[in-house]
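Participant: Quick one: structure below, then a few questions.
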Amino acid sequence: MDSERIEAVMTGLGFSLYESRAYIALVGDNPLTGYELSGHSGIPRSKVYECLERLKRKGLVFPVEGSPVKYVPVPPEELVRRLSREFGSSLDLLGQLLREERRSDRAEYIFNIGGYDGVAEKAREMIRDARGELDLALWGEEIARLRCDLTDAGARGIRVRLLTFNGESIPGCEVYRHRAISPEESSGRWITVVRDHAEVLTGQCTGEGGALAAWTRNRSLVFVSLKYLEHEIIRIRESSQ
């Protein structure tokens, strides 16, 4: 058992160091008396019963009848389920309260995202968060990286309109193929992702694997990016008639 890593995770979730050590020791060997637990965990004897009492109140350890009393832990999977429910509920409430606290979105800042992995991860996050529509302009390299997320979006009923520059196709998506662009016309691949007409990620991916993009909920920039995509789609539709 990787006790130090488990301790770090549990203390990060709000458990005291002694609580973490007591639970870990009981998972590794149980049932144990308080005296035995002190020896297994390194918790001072003067503190071990106080620690056990706190864990009992949290419902994470239970006494086993006998003399002396021994203790057993709830199974690790039960602990994880409880924490998932507790923190999931708390995070939902926090999000709701913060939304209510927010007075205005008028600032609508523009955030720069540097590095290819950072840009790709932001695009993936937006695709996964989509609730109704996605409008994108992507090159083949980025399509390959985001293919599974785009396929999943289409499968869950999201309308996905994809302007592609490499003739790629994605199941469940509306794909519009732009004419081929020569290296002389562009210094790199560009990427645009508009989610639910509410936010946009747009920027450039260089040939060396670098990238720089801007992400914003600025209404004007979202509108301009969306209209650019729609304009290109209309041109492609008209040229194919």
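Just remember, in the structure tokens the first chain shown is A, the second B, etc., residues are 1-based per chain, and ligands are 1-based in the order shown.
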Would you kindly return, as a PyMOL selection string, each protein, DNA or RNA residue with an atom no farther than 12 Å from any atom of Gly140 (chain A), considering only C-alpha atoms and excluding same-chain residues fewer than 3 positions away?
Facilitator: chain A and resi 137+143-147+162-170+177-178+180+189-191+205
Participant: Apply DSSP to the structure's backbone, then extract all residues of region 3-229 of chain A labelled alpha helix (DSSP H) and return them as a ChimeraX atom specification.
Facilitator: /A:3-12,17-28,34-41,45-57,76-101,116-129,140-155,219-229
Participant: Report as a tab-separated table (two decimals) with all heavy atoms, in the first residue's frame all protein, DNA and RNA residues lying within 12 Å of Gly39 (chain A), evaluated on only C-alpha atoms, omitting residues in the same chain fewer than 4 positions from it.
Facilitator:
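Final file, result_12.tsv:
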```tsv
chain	number	residue	atom	x	y	z
A	21	ARG	N	-3.94	8.28	8.76
A	21	ARG	CA	-3.08	7.15	9.14
A	21	ARG	C	-3.88	6.04	9.82
A	21	ARG	O	-3.61	4.85	9.60
A	21	ARG	CB	-1.97	7.66	10.05
A	21	ARG	CG	-0.93	8.49	9.33
A	21	ARG	CD	0.18	8.96	10.25
A	21	ARG	NE	1.20	9.69	9.52
A	21	ARG	CZ	2.25	10.28	10.08
A	21	ARG	NH1	2.42	10.22	11.40
A	21	ARG	NH2	3.13	10.92	9.33
A	22	ALA	N	-4.84	6.42	10.64
A	22	ALA	CA	-5.65	5.41	11.32
A	22	ALA	C	-6.46	4.60	10.32
A	22	ALA	O	-6.51	3.36	10.39
A	22	ALA	CB	-6.58	6.09	12.34
A	25	ALA	N	-4.18	2.32	8.25
A	25	ALA	CA	-3.71	1.18	9.04
A	25	ALA	C	-4.81	0.14	9.21
A	25	ALA	O	-4.56	-1.08	9.13
A	25	ALA	CB	-3.21	1.65	10.41
A	26	LEU	N	-6.05	0.57	9.42
A	26	LEU	CA	-7.15	-0.37	9.60
A	26	LEU	C	-7.51	-1.08	8.30
A	26	LEU	O	-7.93	-2.24	8.32
A	26	LEU	CB	-8.38	0.37	10.15
A	26	LEU	CG	-8.30	0.75	11.63
A	26	LEU	CD1	-9.44	1.69	12.00
A	26	LEU	CD2	-8.34	-0.50	12.50
A	29	ASP	N	-4.94	-3.83	8.06
A	29	ASP	CA	-5.01	-4.93	9.03
A	29	ASP	C	-6.13	-4.61	10.02
A	29	ASP	O	-6.08	-3.58	10.70
A	29	ASP	CB	-3.68	-5.08	9.76
A	29	ASP	CG	-3.65	-6.32	10.67
A	29	ASP	OD1	-4.55	-7.16	10.53
A	29	ASP	OD2	-2.73	-6.41	11.50
A	32	LEU	N	-8.49	-4.06	14.91
A	32	LEU	CA	-7.39	-3.68	15.78
A	32	LEU	C	-7.94	-2.95	17.01
A	32	LEU	O	-8.92	-2.23	16.91
A	32	LEU	CB	-6.41	-2.73	15.07
A	32	LEU	CG	-5.62	-3.28	13.87
A	32	LEU	CD1	-4.81	-2.15	13.24
A	32	LEU	CD2	-4.71	-4.43	14.29
A	33	THR	N	-7.28	-3.16	18.14
A	33	THR	CA	-7.58	-2.35	19.32
A	33	THR	C	-6.92	-0.99	19.14
A	33	THR	O	-6.07	-0.79	18.25
A	33	THR	CB	-7.04	-3.01	20.59
A	33	THR	OG1	-5.60	-3.02	20.51
A	33	THR	CG2	-7.57	-4.42	20.76
A	34	GLY	N	-7.29	-0.04	19.98
A	34	GLY	CA	-6.64	1.25	19.93
A	34	GLY	C	-5.15	1.14	20.16
A	34	GLY	O	-4.35	1.81	19.50
A	35	TYR	N	-4.77	0.27	21.09
A	35	TYR	CA	-3.35	0.06	21.40
A	35	TYR	C	-2.62	-0.48	20.17
A	35	TYR	O	-1.55	-0.02	19.80
A	35	TYR	CB	-3.22	-0.90	22.58
A	35	TYR	CG	-1.81	-1.27	22.93
A	35	TYR	CD1	-1.03	-0.44	23.75
A	35	TYR	CD2	-1.23	-2.44	22.44
A	35	TYR	CE1	0.28	-0.78	24.07
A	35	TYR	CE2	0.08	-2.79	22.76
A	35	TYR	CZ	0.83	-1.95	23.57
A	35	TYR	OH	2.13	-2.28	23.89
A	43	ILE	N	0.49	6.62	15.46
A	43	ILE	CA	-0.25	7.65	16.18
A	43	ILE	C	0.03	7.49	17.67
A	43	ILE	O	-0.08	6.38	18.20
A	43	ILE	CB	-1.77	7.52	15.91
A	43	ILE	CG1	-2.06	7.65	14.41
A	43	ILE	CG2	-2.55	8.56	16.70
A	43	ILE	CD1	-3.51	7.32	14.05
A	44	PRO	N	0.37	8.56	18.37
A	44	PRO	CA	0.62	8.43	19.82
A	44	PRO	C	-0.59	7.84	20.55
A	44	PRO	O	-1.73	8.11	20.19
A	44	PRO	CB	0.88	9.87	20.26
A	44	PRO	CG	1.30	10.58	19.02
A	44	PRO	CD	0.56	9.93	17.89
A	45	ARG	N	-0.33	7.03	21.58
A	45	ARG	CA	-1.43	6.41	22.32
A	45	ARG	C	-2.36	7.45	22.93
A	45	ARG	O	-3.57	7.23	23.04
A	45	ARG	CB	-0.87	5.53	23.43
A	45	ARG	CG	-0.11	4.32	22.93
A	45	ARG	CD	0.37	3.47	24.10
A	45	ARG	NE	1.41	2.55	23.68
A	45	ARG	CZ	2.12	1.81	24.52
A	45	ARG	NH1	1.91	1.90	25.83
A	45	ARG	NH2	3.05	0.98	24.07
A	48	VAL	N	-4.75	8.32	19.93
A	48	VAL	CA	-5.38	7.34	19.05
A	48	VAL	C	-6.87	7.19	19.32
A	48	VAL	O	-7.68	7.05	18.40
A	48	VAL	CB	-4.64	5.99	19.14
A	48	VAL	CG1	-4.90	5.29	20.47
A	48	VAL	CG2	-5.03	5.10	17.96
```
Participant: Given only C-alpha atoms as the basis, pick out the residue of A:Glu36, A:Glu50, A:Asp149, A:Glu232 nearest to Tyr71 (chain A).
Facilitator: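 Residue with the minimum atom-to-atom distance to Tyr71 (chain A): A:Glu36.
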Participant: Write out as a list in words which residues come within 7 Å of Ala198 (chain A) when counting only C-alpha atoms, dropping same-chain ones fewer than 3 positions away.
Facilitator: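 That gives Arg195, Arg217 and Val222 of chain A.
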Participant: Report, in Å with one decimal, the straight-line distance from CA of Arg179 (chain A) to CA of Glu238 (chain A).
Facilitator: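 Between these atoms lies a distance of 13.1 Å.
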Participant: So what do you get for CA of Val224 (chain A) versus CA of Gly210 (chain A), distance-wise?
Facilitator: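 A separation of 24.8 Å between them.
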Participant: Could you jot down the CA of Asn30 (chain A) to CA of Val72 (chain A) separation for me, Å, one decimal place?
Facilitator: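 Taking CA of Asn30 (chain A) as the start and CA of Val72 (chain A) as the end point, the length is 5.6 Å.
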Participant: Measuring atom to atom with only C-alpha atoms, identify which of A:Val74, A:Leu134, A:Val119, A:Ile127 is nearest to Cys148 (chain A).
Facilitator: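 Of A:Val74, A:Leu134, A:Val119, A:Ile127, the one nearest Cys148 (chain A) is A:Ile127, counting only C-alpha atoms.
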